[in-house]
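Asker: Have a look at the structure that comes next, please.
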Amino acid sequence: MAIETAEPATPALGSFAVATAAARRRERILYIVAAIVLAVLIVIPLSSLDAVQAAGLPLVMDRYWFRVTTLIAMFVIIAGAWNIIGGLTGYPAFGNVVFFGIGAYTAGTLITRASLPYATAVVGAVVVCAAVACVIGLPLLRLRGHYFAVASLGVAVATGEVINNVQFFGGASGIFMPIIRSDLLFYYLMLGGAVLTVGTTWLVLHSRFGFGLIAIREDEVAAGVIGVNTTRYKVAAYMLSAALTGLAGAIYAQWNVFIDQSTAFNLDVSIDSILMVLIGGIGTIFGPVIGAAALEFLIQTFAGSGELAVWTQIGLGVLLTAAVIFLPRGIVDFFGGRSSFTREYVRRTLRETGV
Amino acid sequence: MAELIVLGLLLGGVYVAVGLGFSLVWGILNIVNLAYGALVMIAGYITWILSVRYGLDPFLSIPVNLVVMFAIGYAVQYVAINRIVRAPFLYTFLITFGLDLIVVNALLLLFKADFRSVNTFYSGASLAVGPLVVPYVRLWSLAVAMALAAVMWLILNRTRTGDAIQAVGADKDAARLVGISLRHVYALTFGIGAACAGVAGPLIVTYQAITPSAGGPYTLQAFVVVILGGLGRVSATVVGGMLFGLIEVLAQAVPGVGAGYTNAIAFAVLVAVLLLRPRGLLGRLA
């Protein structure tokens with residue numbers, strides 16, 4: 001035992017740093033930085049308003065940047081939502097995009113078929129996603145590890161295929177929605193969703209519920225023994241994750257005006273969001289935010305058509321492989337001096353995970 | 001009906017070939033190889049090149065494919081995946097997905113997105129038994145798949161290497177204590193798995209055109225086959241593959257269900273088996 005405690009204090013994969021005084025101080029700094037960044041993000045886009053432009057102030061954000069930042073905010077929601085079920089609870093749902101799709105299709109159907117106002121449709125989408133997560137979560141969350149991962153992936157692929165074949169949901173030609181032309185609206189909606197997601201993660205992590213989820217991740221049987229109702233906790237986490245992902249889907253549907261199987265049930269969304277959480281730092285509050293911003297920025301910068309797009313995908317694959325091998329704890333591990341990226345760090349990581 | 005059953009069994013033969021390597025790697029190394037379909041596609045393209053450039057028969061290209069794919073698999077495991085086998089399973093999932101991205105897009109650069117298929121002088125020929133018409137290529141494919149299953153069984157159960165592989169699958173730390181090199185056996189197992197993809201690829205291009213991204217469905221089908229049959233036995237994969245071939249053909253023949261539902265059928269089977277009998281029809285208890 002004594003020898004083990006003498007080991008350098010690199011946190012084990014997925015575990016949390018002990019809340020020492022130094023860690024608390026670092027955490028506080030992180031919150032302050034986050035608040036400043038958020039304030040900037042709220043103010044800057046206002047420069048595109050006609051009144052501001054008329055006053056001769058510079059245009060800081062053009063349409064391209066609106067698109068990139070809105071997409072980043074969207075992935076903060078999706079990655080953060082995945083983090084709740086995959087990072088905190090330890091149930092890596094590979095098909096969380098199913099809720100993005102269901103959210104988008106619910107909103108689209110409510111708007112076009114029931115002529116409901118947009119806000120109502122968004123709320124409806126969130127509720128439907130949580131309900132679906134409850135229904136499919138009860139059987140699915142009995143599975144563990146690979147089995148859960150692939151079963152959830154299967155639900156996503158199958159749901160997308162079924163919707164693609166059902167005429168009520170527009171079939172293969174998808175759904176067109178009435179256009180709402182406002183970059184600002186969707187930017188603020190997505191940003192609001194992102195703040196909501198981070199706030200939810202914070203709340204969960206600082207609550208009895210969150211401790212229960214972490215107990216399930218570390219050892220589900222033991223969690224049950226100490227009195228955590230594991231089924232209820234897991235399903236609740238899954239519903240929370242689904243509701244947030246569905247929110248992103250509902251906002252996206254109207255923003256994009258058009259949805260079909262390939263846009264709403266795109267498996268890349270699932271995979272990219274998992275990669276974002278992993279690069280940022282799994283099981284942490286700001287990990288998904290950092291990962292989403294970094295990765296989506298890269299993807300959008302290098303996105304192109306033809307050969308360039310193919311090279312981007314290859315780069316993404318290499319990044320994914322390298323991140324998994326060398327940085328399994330994510331970039332967040334290097335913030336505020338918890339660890340530093342040295343050869344010793346890499347060697348220790350490799351020794352810990354390899355044969 | 002009889003025709004559907006024959007068709008299902010023939011399709012099942014390909015699924016057996018696809019499932020064997022996937023099952024081995026999963027059962028022994030506990031790695032779900034999401035790049036498996038991409039490996040099958042590499043093998044398909046090797047057969048295509050050999051056929052188009054050198055006029056080699058697709059079935060005769062299998063030995064070449066076996067060697068090349070084994071080497072690729074061994075190298076990938078030794079260099080990359082071996083470094084994270086002790087990490088949580090999510091990481092092995094992600095690394096194989098990363099490899100899948102790399103392989104699929106590299107194939108796109110090399111071969112473009114065009115459909116490629118291999119035609120032989122006997123491609124159109126069929127065997128007629130009464131009302132049944134069975135293309136020869138499908139029959140040969142079934143025979144090759146069965147031969148592959150037999151060879152796999154022999155390797156795993158009648159050789160020292162097979163003993164070492166099974167020992168690693170049972171308890172890797174105990175295996176190391178008796179002198180087995182984990183790095184080598186892991187790489188060997190992954191290499192054999194890739195070699196199975198090297199057999200499946202040529203079988204597939206004889207009756208279906210391939211594209212760089214056509215591998216995904218095969219990963220999925222391999223998964224369903226393994227779940228259906230059960231993990232850790234060659235016989236289970238054979239049963240799972242045959243049964244899945246049958247289910248797919250029969251389900252698509254139901255009015256109102258067509259080829260548009262291929263994935264939905266596969267996943268319906270998958271989820272049903274996982275919930276009703278998680279260890280598969282013939283699987284061992286974990």
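Going by the structure tokens order, chains are called A, B, ..., each with residues numbered from 1, while ligands are numbered from 1 in the order shown.
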Near chain A, meaning an atom within 6 Å, which residues of chain B appear when counting only C-alpha atoms? Write them as an mmCIF file with C-alpha atoms, in the first residue's frame.

Answerer:
```cif
data_model
loop_
_atom_site.group_PDB
_atom_site.id
_atom_site.type_symbol
_atom_site.label_atom_id
_atom_site.label_comp_id
_atom_site.auth_asym_id
_atom_site.auth_seq_id
_atom_site.Cartn_x
_atom_site.Cartn_y
_atom_site.Cartn_z
ATOM 1 C CA ASN B 82 -1.337 -3.420 -28.158
ATOM 2 C CA ARG B 83 -0.683 -0.057 -26.522
ATOM 3 C CA ILE B 84 -4.171 0.286 -25.117
ATOM 4 C CA VAL B 85 -5.449 -3.227 -24.466
ATOM 5 C CA ARG B 86 -5.570 -2.603 -20.728
ATOM 6 C CA ALA B 87 -7.565 0.620 -21.088
ATOM 7 C CA ILE B 95 -8.998 3.185 -31.819
ATOM 8 C CA GLY B 98 -10.011 5.616 -36.021
ATOM 9 C CA LEU B 101 -11.618 6.078 -40.891
ATOM 10 C CA ILE B 102 -8.017 5.886 -42.046
ATOM 11 C CA ASN B 105 -10.441 7.102 -46.788
ATOM 12 C CA ALA B 264 -33.220 -2.670 -39.210
ATOM 13 C CA PHE B 267 -30.505 -4.873 -35.372
#
```

Asker: Can you pull out the residues contacting Ile31 of chain B? Cut-off 9 Å, using only C-alpha atoms, and skip same-chain residues under 4 positions away; I want them as a PyMOL selection string.

Answerer: (chain A and resi 146) or (chain B and resi 22+25-27+85+89+92-93+96)

Asker: Quick one, how far is atom CA of Ala214 of chain B from atom CA of Leu20 of chain B?

Answerer: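 For atom CA of Ala214 of chain B relative to atom CA of Leu20 of chain B, the distance reads 18.9 Å.
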
Asker: From segment 19-201 of chain B, collect each residue whose DSSP state is alpha helix (DSSP H) and return the set as a VMD selection string.

Answerer: chain B and resid 19 to 29 36 to 54 62 to 79 89 to 111 136 to 158 160 to 170 172 to 177 182 to 201

Asker: Give me, please, the distance in Å between atom CA of Leu38 of chain A and atom CA of Ile214 of chain A, quoted to one decimal.

Answerer: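 Those two atoms sit 28.1 Å apart.
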
Asker: Contacts of Ile42 of chain A at 10 Å or less, counting only C-alpha atoms, minus same-chain residues fewer than 3 places along, as a list of chain:residue names?

Answerer: A:Ile36, A:Val37, A:Leu38, A:Ala39, A:Pro45, A:Leu46, A:Tyr187, A:Tyr188, A:Leu191, A:Gly192

Asker: So the first atom is atom CA of Ile180 of chain A and the second is atom CA of Leu196 of chain A; what is the distance between them in Å, to one decimal place?

Answerer: 23.1 Å

Asker: Env of segment 230-234 of chain A: 12 Å cut, atoms = only C-alpha atoms, seq-sep filter 2 positions within chain, self excluded. Answer as number ranges by chain.

Answerer: A: 84-86, 88-93, 133-134, 136-144, 204, 208-217, 219-228, 236-241

Asker: Those residues you just picked out, can you put them in a file as a tab-separated table (two decimals), in the first residue's frame with C-alpha atoms?

Answerer:
```
chain	number	residue	atom	x	y	z
A	84	ILE	CA	-23.50	12.38	-18.72
A	85	ILE	CA	-24.28	8.82	-19.81
A	86	GLY	CA	-20.88	7.82	-21.25
A	88	LEU	CA	-20.22	9.94	-15.65
A	89	THR	CA	-22.29	6.75	-15.71
A	90	GLY	CA	-19.82	4.67	-17.73
A	91	TYR	CA	-22.35	3.52	-20.30
A	92	PRO	CA	-20.81	4.42	-23.66
A	93	ALA	CA	-23.88	4.96	-25.82
A	133	ALA	CA	-34.92	7.14	-23.70
A	134	CYS	CA	-36.97	5.87	-20.77
A	136	ILE	CA	-35.56	1.92	-24.68
A	137	GLY	CA	-33.27	2.58	-21.72
A	138	LEU	CA	-35.02	0.11	-19.43
A	139	PRO	CA	-34.08	-2.92	-21.54
A	140	LEU	CA	-30.87	-1.55	-23.08
A	141	LEU	CA	-29.24	-0.42	-19.85
A	142	ARG	CA	-29.33	-3.99	-18.59
A	143	LEU	CA	-26.54	-4.62	-21.08
A	144	ARG	CA	-22.96	-3.67	-20.33
A	204	VAL	CA	-25.27	16.52	-11.54
A	208	ARG	CA	-26.28	12.93	-4.67
A	209	PHE	CA	-27.51	11.80	-8.11
A	210	GLY	CA	-24.08	12.42	-9.62
A	211	PHE	CA	-22.29	10.52	-6.87
A	212	GLY	CA	-24.67	7.63	-7.53
A	213	LEU	CA	-23.80	7.70	-11.24
A	214	ILE	CA	-20.07	7.72	-10.52
A	215	ALA	CA	-20.54	4.84	-8.09
A	216	ILE	CA	-22.28	2.92	-10.89
A	217	ARG	CA	-19.41	3.67	-13.26
A	219	ASP	CA	-18.53	-0.65	-9.69
A	220	GLU	CA	-22.17	-1.21	-10.42
A	221	VAL	CA	-22.65	-4.13	-8.03
A	222	ALA	CA	-21.03	-2.24	-5.18
A	223	ALA	CA	-23.18	0.79	-5.98
A	224	GLY	CA	-26.28	-1.38	-5.66
A	225	VAL	CA	-25.04	-2.75	-2.35
A	226	ILE	CA	-24.61	0.72	-0.82
A	227	GLY	CA	-28.18	1.53	-1.73
A	228	VAL	CA	-28.07	3.19	-5.16
A	236	ALA	CA	-32.52	8.94	-15.40
A	237	ALA	CA	-29.01	9.69	-16.68
A	238	TYR	CA	-29.94	8.29	-20.08
A	239	MET	CA	-33.12	10.42	-20.19
A	240	LEU	CA	-31.18	13.54	-19.25
A	241	SER	CA	-28.63	12.82	-21.95
```
